[in-house]
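Undergrad: Sharing my_file-v1.txt (compact mmCIF, C-alpha atoms) below.
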# COMPACT_ATOMS: atom_id res chain seq x y z
CA MET L 1387 0.00 0.00 0.00
CA VAL L 1388 2.85 2.40 0.73
CA ARG L 1389 4.31 1.88 -2.75
CA LYS L 1390 0.87 2.39 -4.29
CA LEU L 1391 0.43 5.64 -2.38
CA GLN L 1392 3.91 6.80 -3.41
CA ALA L 1393 3.19 6.09 -7.08
CA ARG L 1394 -0.21 7.77 -6.86
CA SER L 1395 1.21 10.88 -5.20
CA ILE L 1396 3.77 11.22 -8.00
CA ALA L 1397 0.97 10.94 -10.56
CA PHE L 1398 -0.96 13.70 -8.77
CA PHE L 1399 2.14 15.92 -8.67
CA VAL L 1400 2.52 15.49 -12.44
CA ILE L 1401 -1.15 16.33 -13.01
CA ALA L 1402 -0.80 19.39 -10.76
CA GLY L 1403 2.17 20.52 -12.80
CA ILE L 1404 0.21 20.15 -16.02
CA GLY L 1405 -2.69 22.06 -14.45
CA LEU L 1406 -0.39 24.91 -13.40
CA ILE L 1407 1.28 25.16 -16.80
CA THR L 1408 -1.97 25.12 -18.77
CA ALA L 1409 -3.58 27.62 -16.41
CA TRP L 1410 -0.78 30.14 -16.81
CA VAL L 1411 -0.39 29.58 -20.54
CA PHE L 1412 -4.05 30.03 -21.36
CA ASN L 1413 -4.51 32.81 -18.81
CA GLY L 1414 -1.55 34.56 -20.39
CA LEU L 1415 -3.07 34.21 -23.85
CA ALA L 1416 -6.41 35.52 -22.58
CA VAL L 1417 -4.78 38.56 -20.97
CA MET L 1418 -2.64 39.35 -24.03
CA ASN L 1419 -5.73 39.16 -26.23
CA ASN L 1420 -7.83 41.31 -23.86
CA GLN L 1421 -10.40 38.55 -23.38
CA ASP L 1422 -13.51 39.34 -21.33
CA TYR L 1423 -13.74 36.67 -18.60
CA LEU L 1424 -17.30 37.59 -17.54
CA LYS L 1425 -18.58 37.43 -21.08
CA ALA L 1426 -16.77 34.17 -21.70
CA TRP L 1427 -18.20 32.64 -18.53
CA PHE L 1428 -21.76 33.93 -18.73
CA GLY L 1429 -22.22 35.11 -22.32
CA THR L 1430 -24.43 32.30 -23.57
CA ALA L 1431 -26.59 29.51 -22.19
CA VAL L 1432 -23.81 27.03 -22.98
CA ASP L 1433 -21.33 29.19 -21.09
CA LEU L 1434 -23.71 29.25 -18.11
CA VAL L 1435 -23.98 25.47 -18.11
CA LEU L 1436 -20.21 25.00 -18.14
CA SER L 1437 -19.39 27.77 -15.67
CA THR L 1438 -22.12 26.74 -13.21
CA ASP L 1439 -20.97 23.14 -13.47
CA LEU L 1440 -17.38 24.14 -12.70
CA LEU L 1441 -18.42 26.37 -9.79
CA VAL L 1442 -20.49 23.61 -8.18
CA VAL L 1443 -17.59 21.18 -8.57
CA ALA L 1444 -15.21 23.79 -7.13
CA VAL L 1445 -17.43 24.27 -4.06
CA ALA L 1446 -17.66 20.49 -3.56
CA VAL L 1447 -13.89 20.16 -3.94
CA ALA L 1448 -13.28 22.94 -1.41
CA ILE L 1449 -15.58 21.28 1.13
CA PHE L 1450 -13.89 17.93 0.56
CA MET L 1451 -10.44 19.47 1.01
CA ILE L 1452 -11.43 21.18 4.26
CA TYR L 1453 -12.98 18.12 5.88
CA GLU L 1454 -10.42 15.64 4.57
CA GLY L 1455 -7.62 17.93 5.70
CA GLN L 1456 -9.14 18.11 9.18
CA ARG L 1457 -9.58 14.32 9.30
CA LEU L 1458 -5.94 13.68 8.43
CA GLY L 1459 -4.49 16.57 10.41
CA MET L 1460 -3.20 18.41 7.34
CA LYS L 1461 -2.15 21.98 8.02
CA ARG L 1462 -3.04 25.17 6.12
CA VAL L 1463 -5.56 23.57 3.78
CA TRP L 1464 -7.05 27.02 3.24
CA LEU L 1465 -3.93 27.89 1.21
CA TYR L 1466 -4.92 25.39 -1.49
CA ILE L 1467 -8.30 27.06 -1.79
CA ALA L 1468 -6.80 30.57 -1.80
CA LEU L 1469 -4.24 29.60 -4.44
CA SER L 1470 -7.04 28.39 -6.67
CA GLY L 1471 -8.06 32.01 -7.16
CA VAL L 1472 -4.68 33.05 -8.54
CA THR L 1473 -3.72 29.80 -10.31
CA ALA L 1474 -6.35 27.14 -11.01
CA MET L 1475 -8.24 24.36 -9.29
CA ALA L 1476 -6.63 22.13 -11.93
CA PHE L 1477 -3.36 22.83 -10.08
CA THR L 1478 -4.39 23.07 -6.43
CA PHE L 1479 -6.73 20.07 -6.23
CA PRO L 1480 -4.29 17.44 -7.59
CA LEU L 1481 -1.59 19.12 -5.46
CA PHE L 1482 -3.82 18.63 -2.42
CA LEU L 1483 -4.42 14.99 -3.39
CA ALA L 1484 -0.66 14.44 -3.74
CA MET L 1485 -0.02 15.94 -0.31
CA ARG L 1486 -2.91 13.92 1.08
CA ASP L 1487 -1.23 10.72 -0.11
CA ARG L 1488 2.01 11.88 1.47
CA LYS L 1489 0.14 12.35 4.73
CA LEU L 1490 -1.36 8.87 4.43
CA ILE L 1491 2.14 7.46 3.90
CA GLU L 1492 3.35 9.35 6.96
CA GLN L 1493 0.52 7.87 9.03
CA ARG L 1494 1.06 4.35 7.71
CA LEU L 1495 4.75 4.63 8.57
CA ALA L 1496 3.98 6.28 11.93
CA GLY L 1497 6.21 9.19 11.02
CA GLY L 1498 9.15 6.91 10.30
CA THR L 1499 10.87 5.98 7.07
CA LEU L 1500 11.15 2.74 5.15
CA GLU L 1501 14.32 1.81 3.30
CA ARG L 1502 15.13 -1.25 1.17
CA PHE L 1503 18.40 -3.11 0.75
CA ASP L 1504 19.64 -6.40 -0.66
CA PHE L 1505 21.82 -8.92 1.16
CA ASP L 1506 22.90 -12.11 -0.57
CA GLY L 1507 19.66 -12.41 -2.54
CA HIS L 1508 17.49 -11.39 0.42
CA ARG L 1509 15.41 -8.26 0.24
CA VAL L 1510 15.61 -6.41 3.54
CA GLU L 1511 13.21 -3.63 4.50
CA VAL L 1512 14.16 -1.38 7.39
CA TRP L 1513 11.63 0.79 9.18
CA VAL L 1514 13.31 3.59 11.09
CA PRO L 1515 11.33 5.44 13.79
CA LYS L 1516 11.30 9.22 13.77
CA ASP L 1517 12.74 9.36 17.31
CA LEU L 1518 16.11 7.75 16.65
CA ASN L 1519 19.01 7.74 19.10
CA PRO L 1520 22.06 5.55 19.82
CA LYS L 1521 20.07 3.41 22.26
CA THR L 1522 17.15 2.69 19.93
CA PRO L 1523 16.25 -1.03 20.16
CA LEU L 1524 16.60 -3.30 17.13
CA LEU L 1525 14.04 -5.92 16.06
CA VAL L 1526 14.78 -8.45 13.29
CA ILE L 1527 11.79 -10.30 11.79
CA HIS L 1528 11.72 -13.24 9.37
CA ASP L 1529 9.28 -13.65 6.44
CA GLY L 1530 9.70 -9.96 5.73
CA ARG L 1531 7.23 -9.88 2.86
CA ASN L 1532 4.40 -10.31 5.38
CA ILE L 1533 5.43 -7.52 7.75
CA PHE L 1534 4.74 -4.08 6.26
CA ASP L 1535 2.69 -4.08 3.06
CA GLU L 1536 -0.44 -6.07 2.18
CA GLN L 1537 0.55 -5.93 -1.48
CA ASP L 1538 3.66 -7.98 -0.76
CA SER L 1539 2.12 -10.42 1.72
CA SER L 1540 1.63 -14.04 0.72
CA THR L 1541 -1.76 -13.99 2.50
CA GLY L 1542 -2.90 -10.42 1.80
CA LYS L 1543 -2.48 -9.57 5.50
CA THR L 1544 0.45 -8.26 7.51
CA TRP L 1545 1.57 -8.45 11.11
CA GLU L 1546 0.57 -4.78 11.50
CA VAL L 1547 3.81 -4.07 13.32
CA ILE L 1548 3.86 -0.34 12.55
CA PRO L 1549 0.24 0.25 13.68
CA ALA L 1550 1.07 -1.64 16.89
CA LEU L 1551 4.13 0.54 17.48
CA ARG L 1552 2.13 3.67 16.70
CA ASP L 1553 -0.98 2.92 18.74
CA GLU L 1554 -0.24 0.31 21.41
CA VAL L 1555 3.44 0.06 22.30
CA ARG L 1556 4.27 2.40 25.14
CA SER L 1557 8.05 2.35 24.89
CA PRO L 1558 10.52 3.90 22.46
CA ALA L 1559 9.93 2.25 19.09
CA PRO L 1560 12.68 -0.03 17.75
CA ILE L 1561 14.20 -0.10 14.31
CA VAL L 1562 12.36 -2.93 12.56
CA VAL L 1563 14.32 -5.06 10.09
CA ALA L 1564 12.10 -7.30 7.93
CA VAL L 1565 14.14 -9.96 6.15
CA TRP L 1566 12.52 -11.60 3.14
CA GLY L 1567 13.28 -15.25 2.53
CA GLN L 1568 15.50 -16.38 -0.29
CA SER L 1569 12.41 -17.92 -1.96
CA ASP L 1570 9.13 -19.56 -1.01
CA ASP L 1571 10.46 -22.91 -2.27
CA THR L 1572 13.41 -22.92 0.12
CA ARG L 1573 11.74 -21.30 3.14
CA ILE L 1574 11.62 -24.43 5.30
CA ARG L 1575 15.24 -25.27 4.57
CA GLU L 1576 16.38 -21.75 5.34
CA LEU L 1577 14.42 -21.54 8.58
CA SER L 1578 15.45 -25.02 9.79
CA PRO L 1579 17.63 -25.18 12.91
CA GLU L 1580 20.45 -26.78 10.98
CA LYS L 1581 22.54 -28.41 13.71
CA ILE L 1582 19.43 -30.07 15.14
CA VAL L 1583 17.83 -31.43 11.97
CA ARG L 1584 20.85 -32.36 9.89
CA ASP L 1585 21.45 -35.75 11.54
CA ASP L 1586 18.01 -37.16 10.62
CA LEU L 1587 16.40 -35.22 7.79
CA GLU L 1588 13.80 -37.88 7.03
CA PHE L 1589 12.50 -37.75 10.59
CA TYR L 1590 12.07 -34.00 10.60
CA TRP L 1591 10.52 -33.85 7.14
CA ARG L 1592 8.14 -36.77 7.51
CA HIS L 1593 5.04 -34.63 8.15
CA MET L 1594 5.78 -32.17 5.35
CA PRO L 1595 3.88 -32.42 2.04
CA GLU L 1596 5.89 -33.97 -0.78
CA SER L 1597 5.59 -30.76 -2.78
CA TYR L 1598 7.71 -28.99 -0.15
CA ARG L 1599 10.67 -31.23 -1.06
CA ALA L 1600 10.92 -29.87 -4.61
CA THR L 1601 14.24 -28.14 -3.94
CA GLY L 1602 15.57 -30.78 -1.53
CA THR L 1603 15.66 -31.16 2.24
CA GLU L 1604 19.19 -30.03 3.12
CA PRO L 1605 18.96 -27.25 5.71
CA PHE L 1606 20.93 -24.02 5.53
CA GLY L 1607 19.70 -22.32 8.67
CA ASP L 1608 23.25 -21.69 9.89
CA ALA L 1609 24.04 -19.58 6.83
CA TYR L 1610 20.82 -17.64 7.37
CA VAL L 1611 21.59 -16.99 11.04
CA SER L 1612 25.07 -15.84 10.04
CA LEU L 1613 23.55 -13.51 7.44
CA LEU L 1614 21.43 -11.92 10.16
CA ALA L 1615 24.11 -11.74 12.85
CA ASP L 1616 27.22 -11.03 10.80
CA ALA L 1617 25.90 -8.92 7.92
CA ILE L 1618 22.46 -7.39 8.39
CA VAL L 1619 22.59 -6.45 12.08
CA PRO L 1620 26.09 -4.86 11.86
CA PHE L 1621 25.05 -2.94 8.74
CA VAL L 1622 21.94 -1.55 10.44
CA LEU L 1623 23.84 -0.65 13.61
CA GLU L 1624 26.45 1.24 11.62
CA ARG L 1625 24.07 2.93 9.18
CA TYR L 1626 21.81 4.31 11.90
CA GLU L 1627 24.57 4.82 14.50
CA ILE L 1628 23.06 2.46 17.06
CA GLU L 1629 24.98 1.16 20.06
CA HIS L 1630 24.57 -2.60 20.14
CA SER L 1631 23.25 -4.26 23.28
CA ILE L 1632 21.76 -7.75 23.46
CA ASP L 1633 19.25 -6.33 25.90
CA ARG L 1634 17.91 -4.12 23.11
CA THR L 1635 18.20 -6.63 20.24
CA ALA L 1636 15.45 -9.16 19.49
CA VAL L 1637 14.68 -11.66 16.74
CA MET L 1638 11.06 -12.54 15.94
CA GLY L 1639 9.19 -14.95 13.69
CA SER L 1640 6.20 -17.22 13.32
CA SER L 1641 5.87 -20.95 12.67
CA MET L 1642 9.23 -22.05 11.19
CA GLY L 1643 10.28 -18.47 11.87
CA GLY L 1644 9.63 -19.18 15.55
CA LEU L 1645 11.99 -22.16 15.44
CA ILE L 1646 14.78 -20.23 13.73
CA SER L 1647 14.32 -17.30 16.13
CA MET L 1648 14.96 -19.53 19.13
CA TYR L 1649 17.79 -21.20 17.25
CA ALA L 1650 19.36 -17.82 16.44
CA LEU L 1651 19.19 -16.87 20.13
CA GLY L 1652 21.06 -20.06 21.00
CA GLN L 1653 23.62 -19.84 18.21
CA ARG L 1654 24.33 -16.12 18.51
CA PRO L 1655 23.64 -15.05 22.09
CA ASP L 1656 26.27 -12.36 21.58
CA VAL L 1657 23.97 -10.62 19.08
CA PHE L 1658 20.40 -11.43 20.16
CA GLY L 1659 19.04 -11.10 23.67
CA THR L 1660 15.39 -12.02 23.06
CA ALA L 1661 13.57 -14.49 20.82
CA ILE L 1662 9.88 -13.86 20.13
CA CYS L 1663 8.27 -16.93 18.59
CA PHE L 1664 4.63 -16.94 17.46
CA SER L 1665 2.97 -20.31 16.82
CA THR L 1666 6.32 -22.06 17.18
CA HIS L 1667 6.23 -24.98 14.73
CA TRP L 1668 7.07 -27.76 17.20
CA ILE L 1669 5.57 -30.47 15.00
CA PHE L 1670 8.70 -30.11 12.85
CA GLY L 1671 10.51 -32.66 15.01
CA GLU L 1672 8.10 -32.71 17.95
CA ASP L 1673 9.84 -33.72 21.23
CA ARG L 1674 13.23 -33.92 19.54
CA MET L 1675 12.89 -30.35 18.27
CA VAL L 1676 11.80 -29.13 21.71
CA ASN L 1677 14.70 -30.82 23.47
CA GLY L 1678 17.22 -29.78 20.82
CA LEU L 1679 16.21 -26.12 20.72
CA VAL L 1680 16.01 -25.65 24.48
CA ALA L 1681 19.33 -27.45 25.02
CA GLN L 1682 21.20 -25.02 22.76
CA LEU L 1683 19.77 -21.89 24.37
CA PRO L 1684 22.04 -19.73 26.52
CA ALA L 1685 21.53 -19.59 30.24
CA PRO L 1686 18.81 -17.14 31.28
CA GLY L 1687 19.56 -13.82 32.85
CA GLU L 1688 20.42 -11.56 29.95
CA HIS L 1689 18.35 -13.64 27.54
CA ARG L 1690 14.58 -14.03 27.22
CA VAL L 1691 12.12 -16.20 25.31
CA TRP L 1692 8.53 -15.62 24.21
CA THR L 1693 6.91 -18.70 22.65
CA ASP L 1694 3.19 -19.11 22.15
CA SER L 1695 0.54 -21.24 20.46
CA GLY L 1696 -2.98 -21.01 19.15
CA THR L 1697 -5.54 -23.80 19.33
CA ILE L 1698 -7.04 -24.05 15.82
CA GLU L 1699 -5.78 -24.79 12.29
CA VAL L 1700 -2.17 -26.03 12.35
CA ASP L 1701 -1.79 -24.63 15.86
CA GLN L 1702 -4.15 -27.25 17.25
CA TYR L 1703 -1.25 -29.74 17.10
CA TYR L 1704 1.17 -27.55 19.06
CA PRO L 1705 -0.06 -27.47 22.71
CA PRO L 1706 1.45 -30.82 23.89
CA PHE L 1707 4.88 -29.83 22.58
CA HIS L 1708 4.37 -26.24 23.69
CA LYS L 1709 3.79 -27.48 27.23
CA LEU L 1710 6.91 -29.61 27.04
CA ALA L 1711 8.90 -26.59 25.84
CA GLU L 1712 7.54 -24.55 28.74
CA GLN L 1713 8.61 -27.27 31.18
CA LYS L 1714 12.10 -27.57 29.67
CA LEU L 1715 12.62 -23.80 29.60
CA ILE L 1716 11.66 -23.48 33.27
CA GLU L 1717 13.95 -26.39 34.13
CA LYS L 1718 16.75 -24.56 32.31
CA GLY L 1719 16.18 -21.61 34.61
CA TYR L 1720 14.00 -19.24 32.57
CA VAL L 1721 11.67 -17.54 35.01
CA PRO L 1722 8.07 -16.98 33.81
CA GLY L 1723 7.28 -13.30 33.56
CA ASP L 1724 10.37 -11.26 32.91
CA GLN L 1725 12.46 -13.98 31.22
CA LEU L 1726 9.80 -16.27 29.75
CA VAL L 1727 6.31 -16.03 28.26
CA THR L 1728 4.48 -19.18 27.11
CA ASN L 1729 0.98 -17.98 26.30
CA ILE L 1730 -1.70 -20.08 24.63
CA TYR L 1731 -4.25 -18.05 22.65
CA PRO L 1732 -7.60 -19.89 22.40
CA ASN L 1733 -9.43 -19.85 19.07
CA THR L 1734 -6.47 -18.44 17.19
CA GLY L 1735 -4.65 -20.15 14.37
CA HIS L 1736 -1.83 -19.99 11.88
CA HIS L 1737 -2.19 -16.69 10.06
CA GLU L 1738 -0.85 -13.14 10.02
CA SER L 1739 -4.20 -11.79 11.17
CA TYR L 1740 -3.90 -13.82 14.39
CA TRP L 1741 -0.26 -12.90 15.01
CA ALA L 1742 -1.07 -9.23 14.46
CA ARG L 1743 -3.35 -9.38 17.50
CA ARG L 1744 -0.47 -10.19 19.84
CA VAL L 1745 2.40 -8.25 18.31
CA ALA L 1746 1.84 -5.34 20.70
CA ASP L 1747 1.78 -7.67 23.73
CA ALA L 1748 5.07 -9.25 22.73
CA LEU L 1749 6.77 -5.95 21.93
CA ASN L 1750 5.60 -4.32 25.15
CA TRP L 1751 6.92 -7.32 27.09
CA TRP L 1752 10.31 -7.18 25.34
CA LEU L 1753 10.76 -3.42 25.51
CA ARG L 1754 9.62 -3.04 29.10
CA SER L 1755 11.17 -6.12 30.73
CA GLY L 1756 14.43 -6.06 32.58
CA PRO L 1757 17.19 -3.44 32.49
CA ARG L 1758 17.61 -1.02 29.64
CA THR L 1759 21.27 -0.04 29.50
Represent the structure of the file as structure tokens.

TA:
Amino acid sequence: MVRKLQARSIAFFVIAGIGLITAWVFNGLAVMNNQDYLKAWFGTAVDLVLSTDLLVVAVAVAIFMIYEGQRLGMKRVWLYIALSGVTAMAFTFPLFLAMRDRKLIEQRLAGGTLERFDFDGHRVEVWVPKDLNPKTPLLVIHDGRNIFDEQDSSTGKTWEVIPALRDEVRSPAPIVVAVWGQSDDTRIRELSPEKIVRDDLEFYWRHMPESYRATGTEPFGDAYVSLLADAIVPFVLERYEIEHSIDRTAVMGSSMGGLISMYALGQRPDVFGTAICFSTHWIFGEDRMVNGLVAQLPAPGEHRVWTDSGTIEVDQYYPPFHKLAEQKLIEKGYVPGDQLVTNIYPNTGHHESYWARRVADALNWWLRSGPRT
């Protein structure tokens, strides 16, 4: 939607430019030829039809501009109307529409900016909050196509991270780094906890549809974690002049993205301090995945884990393994509350629209728990 608004605003700017040029050119010709505006506007019945039609439209446009400007919080809308008298509505109205789209973009991005980069065949979108400082937190999210823009999303829905940060999160907003996968065909392989699954690929893949094996079953999760920890995170820290702290650095994902988030926390505890895992896909390995992932986690204290489950759709198969994970995490020393959240969300399933409902809860928990140094 942001890209659509950007393209549309450019189109309106072009139309406004055309309207300004034509207004001045034809007004100039009229003045040089001593044309009578009143006679031209009201000289005949046809002139009356056209001029009355334009005046009614102009009044409607002015009313629309005033009320729409008030709704969106646009300033000095009266200037557009005043300028119409010395230029043309053909200039000021499309100019207003262009600025309106810019305001909509500003609201959708909560006053921040969105930049795009490429790392090793991965598109990376970085949302930067308007209030940026060296201690701004950093959040890395997998399946980046589903994070910001409905047009990109594989399901037509997003996690609504920016609206959550704008409306519900009561702490300084983090930089949000949305990492697109290499491809849909290799997603499971890329998000597989490689050191855990490599020894028995057939076991871990046995519940996956045959179509998912089209590109093979060899995992490359370690390369993906390295891409995050050794390339993307350092680049973002340097570009935006952020002081790295594991306490302010989190990795977040859903389903297989939940598994790789917890795996990344275990493999690179020097980079990530918190793993936020929605609908963690425990059925990819079941008990063996639970035991393997928890075993490789760092000791609690500076590190935290959020892992949750729904109860319908694919999530209906998670609760037994989710409970086992909760037990193992507590046995490892993670204390429920500040260090550990293991919520179950009744009547929620495996979809961006469900995860969007708890993004704010997870972010508030991460940003407000523990010390902030």

Undergrad: Can you work out the spacing between CA of Ala1685 in chain L and CA of Arg1556 in chain L in Å, to one decimal?

TA: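 Atom-to-atom, CA of Ala1685 in chain L and CA of Arg1556 in chain L are spaced 28.4 Å apart.
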
Undergrad: Go ahead and compute the interatomic distance for CA of His1528 in chain L and CA of Glu1588 in chain L, in Å to one decimal.

TA: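 Here the two named atoms are 24.8 Å from each other.
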
Undergrad: Show me, as a PyMOL selection string, the residues that have an atom within 12 Å of Ser1470 in chain L when counting all atoms listed in the file, minus same-chain residues fewer than 5 positions from it.

TA: chain L and resi 1402+1405-1406+1409+1441+1444-1445+1447-1448+1463-1465+1475-1482

Undergrad: Include C-alpha atoms and write out the residues we just selected as a PDB file, keeping the file's coordinate frame.

TA:
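As written to disk, out_16.pdb reads:
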ATOM      1  CA  ALA L1402      -0.800  19.390 -10.760  1.00  0.00           C
ATOM      2  CA  GLY L1405      -2.690  22.060 -14.450  1.00  0.00           C
ATOM      3  CA  LEU L1406      -0.390  24.910 -13.400  1.00  0.00           C
ATOM      4  CA  ALA L1409      -3.580  27.620 -16.410  1.00  0.00           C
ATOM      5  CA  LEU L1441     -18.420  26.370  -9.790  1.00  0.00           C
ATOM      6  CA  ALA L1444     -15.210  23.790  -7.130  1.00  0.00           C
ATOM      7  CA  VAL L1445     -17.430  24.270  -4.060  1.00  0.00           C
ATOM      8  CA  VAL L1447     -13.890  20.160  -3.940  1.00  0.00           C
ATOM      9  CA  ALA L1448     -13.280  22.940  -1.410  1.00  0.00           C
ATOM     10  CA  VAL L1463      -5.560  23.570   3.780  1.00  0.00           C
ATOM     11  CA  TRP L1464      -7.050  27.020   3.240  1.00  0.00           C
ATOM     12  CA  LEU L1465      -3.930  27.890   1.210  1.00  0.00           C
ATOM     13  CA  MET L1475      -8.240  24.360  -9.290  1.00  0.00           C
ATOM     14  CA  ALA L1476      -6.630  22.130 -11.930  1.00  0.00           C
ATOM     15  CA  PHE L1477      -3.360  22.830 -10.080  1.00  0.00           C
ATOM     16  CA  THR L1478      -4.390  23.070  -6.430  1.00  0.00           C
ATOM     17  CA  PHE L1479      -6.730  20.070  -6.230  1.00  0.00           C
ATOM     18  CA  PRO L1480      -4.290  17.440  -7.590  1.00  0.00           C
ATOM     19  CA  LEU L1481      -1.590  19.120  -5.460  1.00  0.00           C
ATOM     20  CA  PHE L1482      -3.820  18.630  -2.420  1.00  0.00           C
TER      21      PHE L1482
END

Undergrad: Kindly indicate which residue among L:Pro1605, L:Pro1686, L:Gly1659, L:Gly1507 lies nearest to Glu1576 in chain L, using only C-alpha atoms for the distances.

TA: L:Pro1605

Undergrad: Extract, using only C-alpha atoms, all DNA, RNA and protein residues at most 9 Å from Glu1738 in chain L, discarding same-chain residues fewer than 4 positions from it, and format them as number ranges by chain.

TA: L: 1532-1533, 1541-1546, 1640, 1742-1743

Undergrad: Quick one: what's the axis-aligned box for range 1626-1643 of chain L, all listed atoms, 6 Å on every side, centre and edges in Å to one decimal, as lines of an AutoDock Vina configuration file?

TA:
center_x = 15.4
center_y = -8.6
center_z = 18.5
size_x = 31.1
size_y = 38.9
size_z = 26.7

Undergrad: For CA of Gly1652 in chain L and CA of Glu1712 in chain L, quote the distance in Å rounded to one decimal.

TA: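 Computing it gives 16.2 Å between the two atoms.
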
Undergrad: Could you list, as an MDAnalysis selection string, every residue within 12 Å of Lys1461 in chain L, counting only C-alpha atoms and ignoring same-chain residues fewer than 3 positions away?

TA: chainID L and resid 1451:1458 1464:1466 1482 1485:1486 1489

Undergrad: Let me make sure I understand: among L:Asn1729, L:Thr1660, L:Gln1653, L:Ser1631, which one has the smallest atom-to-atom distance to Ser1695 in chain L if we use only C-alpha atoms?

TA: L:Asn1729

Undergrad: With only C-alpha atoms as the basis for distance, which of L:Ala1609, L:Leu1518, L:Met1648, L:Met1418 is at the shortest distance from Cys1663 in chain L?

TA: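 Between L:Ala1609, L:Leu1518, L:Met1648, L:Met1418, the residue approaching Cys1663 in chain L most closely is L:Met1648.
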
Undergrad: Would you mind telling me which residue in L:Ala1446, L:Pro1520, L:Val1691, L:Arg1573 lies nearest to Glu1624 in chain L when using only C-alpha atoms?

TA: L:Pro1520

Undergrad: Dig up all the protein and nucleic acid residues within 10 Å of (1.7, 9.8, 3.0) in the file frame, using all atoms listed in the file, and format them as a list of chain:residue names.

TA: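 Residues close enough to count: L:Val1388, L:Leu1391, L:Gln1392, L:Ser1395, L:Ala1484, L:Met1485, L:Arg1486, L:Asp1487, L:Arg1488, L:Lys1489, L:Leu1490, L:Ile1491, L:Glu1492, L:Gln1493, L:Arg1494, L:Leu1495, L:Ala1496, L:Gly1497.
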
Undergrad: Kindly output range 1560-1572 of chain L as a PDB file, keeping the file's coordinate frame, after building N, CA and C atoms.

TA:
ATOM      1  N   PRO L1560      11.418   0.486  18.270  1.00  0.00           N
ATOM      2  CA  PRO L1560      12.680  -0.030  17.750  1.00  0.00           C
ATOM      3  C   PRO L1560      12.805   0.203  16.247  1.00  0.00           C
ATOM      4  N   ILE L1561      14.013   0.095  15.743  1.00  0.00           N
ATOM      5  CA  ILE L1561      14.200  -0.100  14.310  1.00  0.00           C
ATOM      6  C   ILE L1561      13.695  -1.496  13.990  1.00  0.00           C
ATOM      7  N   VAL L1562      12.911  -1.631  12.937  1.00  0.00           N
ATOM      8  CA  VAL L1562      12.360  -2.930  12.560  1.00  0.00           C
ATOM      9  C   VAL L1562      12.977  -3.373  11.245  1.00  0.00           C
ATOM     10  N   VAL L1563      13.644  -4.522  11.262  1.00  0.00           N
ATOM     11  CA  VAL L1563      14.320  -5.060  10.090  1.00  0.00           C
ATOM     12  C   VAL L1563      13.552  -6.298   9.625  1.00  0.00           C
ATOM     13  N   ALA L1564      12.889  -6.196   8.477  1.00  0.00           N
ATOM     14  CA  ALA L1564      12.100  -7.300   7.930  1.00  0.00           C
ATOM     15  C   ALA L1564      12.897  -7.974   6.829  1.00  0.00           C
ATOM     16  N   VAL L1565      13.272  -9.222   7.075  1.00  0.00           N
ATOM     17  CA  VAL L1565      14.140  -9.960   6.150  1.00  0.00           C
ATOM     18  C   VAL L1565      13.291 -10.926   5.323  1.00  0.00           C
ATOM     19  N   TRP L1566      13.240 -10.690   4.029  1.00  0.00           N
ATOM     20  CA  TRP L1566      12.520 -11.600   3.140  1.00  0.00           C
ATOM     21  C   TRP L1566      13.325 -12.892   2.997  1.00  0.00           C
ATOM     22  N   GLY L1567      12.607 -13.993   2.762  1.00  0.00           N
ATOM     23  CA  GLY L1567      13.280 -15.250   2.530  1.00  0.00           C
ATOM     24  C   GLY L1567      13.936 -15.289   1.165  1.00  0.00           C
ATOM     25  N   GLN L1568      14.847 -16.227   1.001  1.00  0.00           N
ATOM     26  CA  GLN L1568      15.500 -16.380  -0.290  1.00  0.00           C
ATOM     27  C   GLN L1568      14.478 -16.700  -1.370  1.00  0.00           C
ATOM     28  N   SER L1569      13.537 -17.602  -1.066  1.00  0.00           N
ATOM     29  CA  SER L1569      12.410 -17.920  -1.960  1.00  0.00           C
ATOM     30  C   SER L1569      11.396 -18.716  -1.177  1.00  0.00           C
ATOM     31  N   ASP L1570      10.158 -18.764  -1.666  1.00  0.00           N
ATOM     32  CA  ASP L1570       9.130 -19.560  -1.010  1.00  0.00           C
ATOM     33  C   ASP L1570       9.481 -21.043  -1.036  1.00  0.00           C
ATOM     34  N   ASP L1571      10.145 -21.492  -2.112  1.00  0.00           N
ATOM     35  CA  ASP L1571      10.460 -22.910  -2.270  1.00  0.00           C
ATOM     36  C   ASP L1571      11.501 -23.401  -1.276  1.00  0.00           C
ATOM     37  N   THR L1572      12.340 -22.499  -0.796  1.00  0.00           N
ATOM     38  CA  THR L1572      13.410 -22.920   0.120  1.00  0.00           C
ATOM     39  C   THR L1572      13.177 -22.425   1.544  1.00  0.00           C
TER      40      THR L1572
END
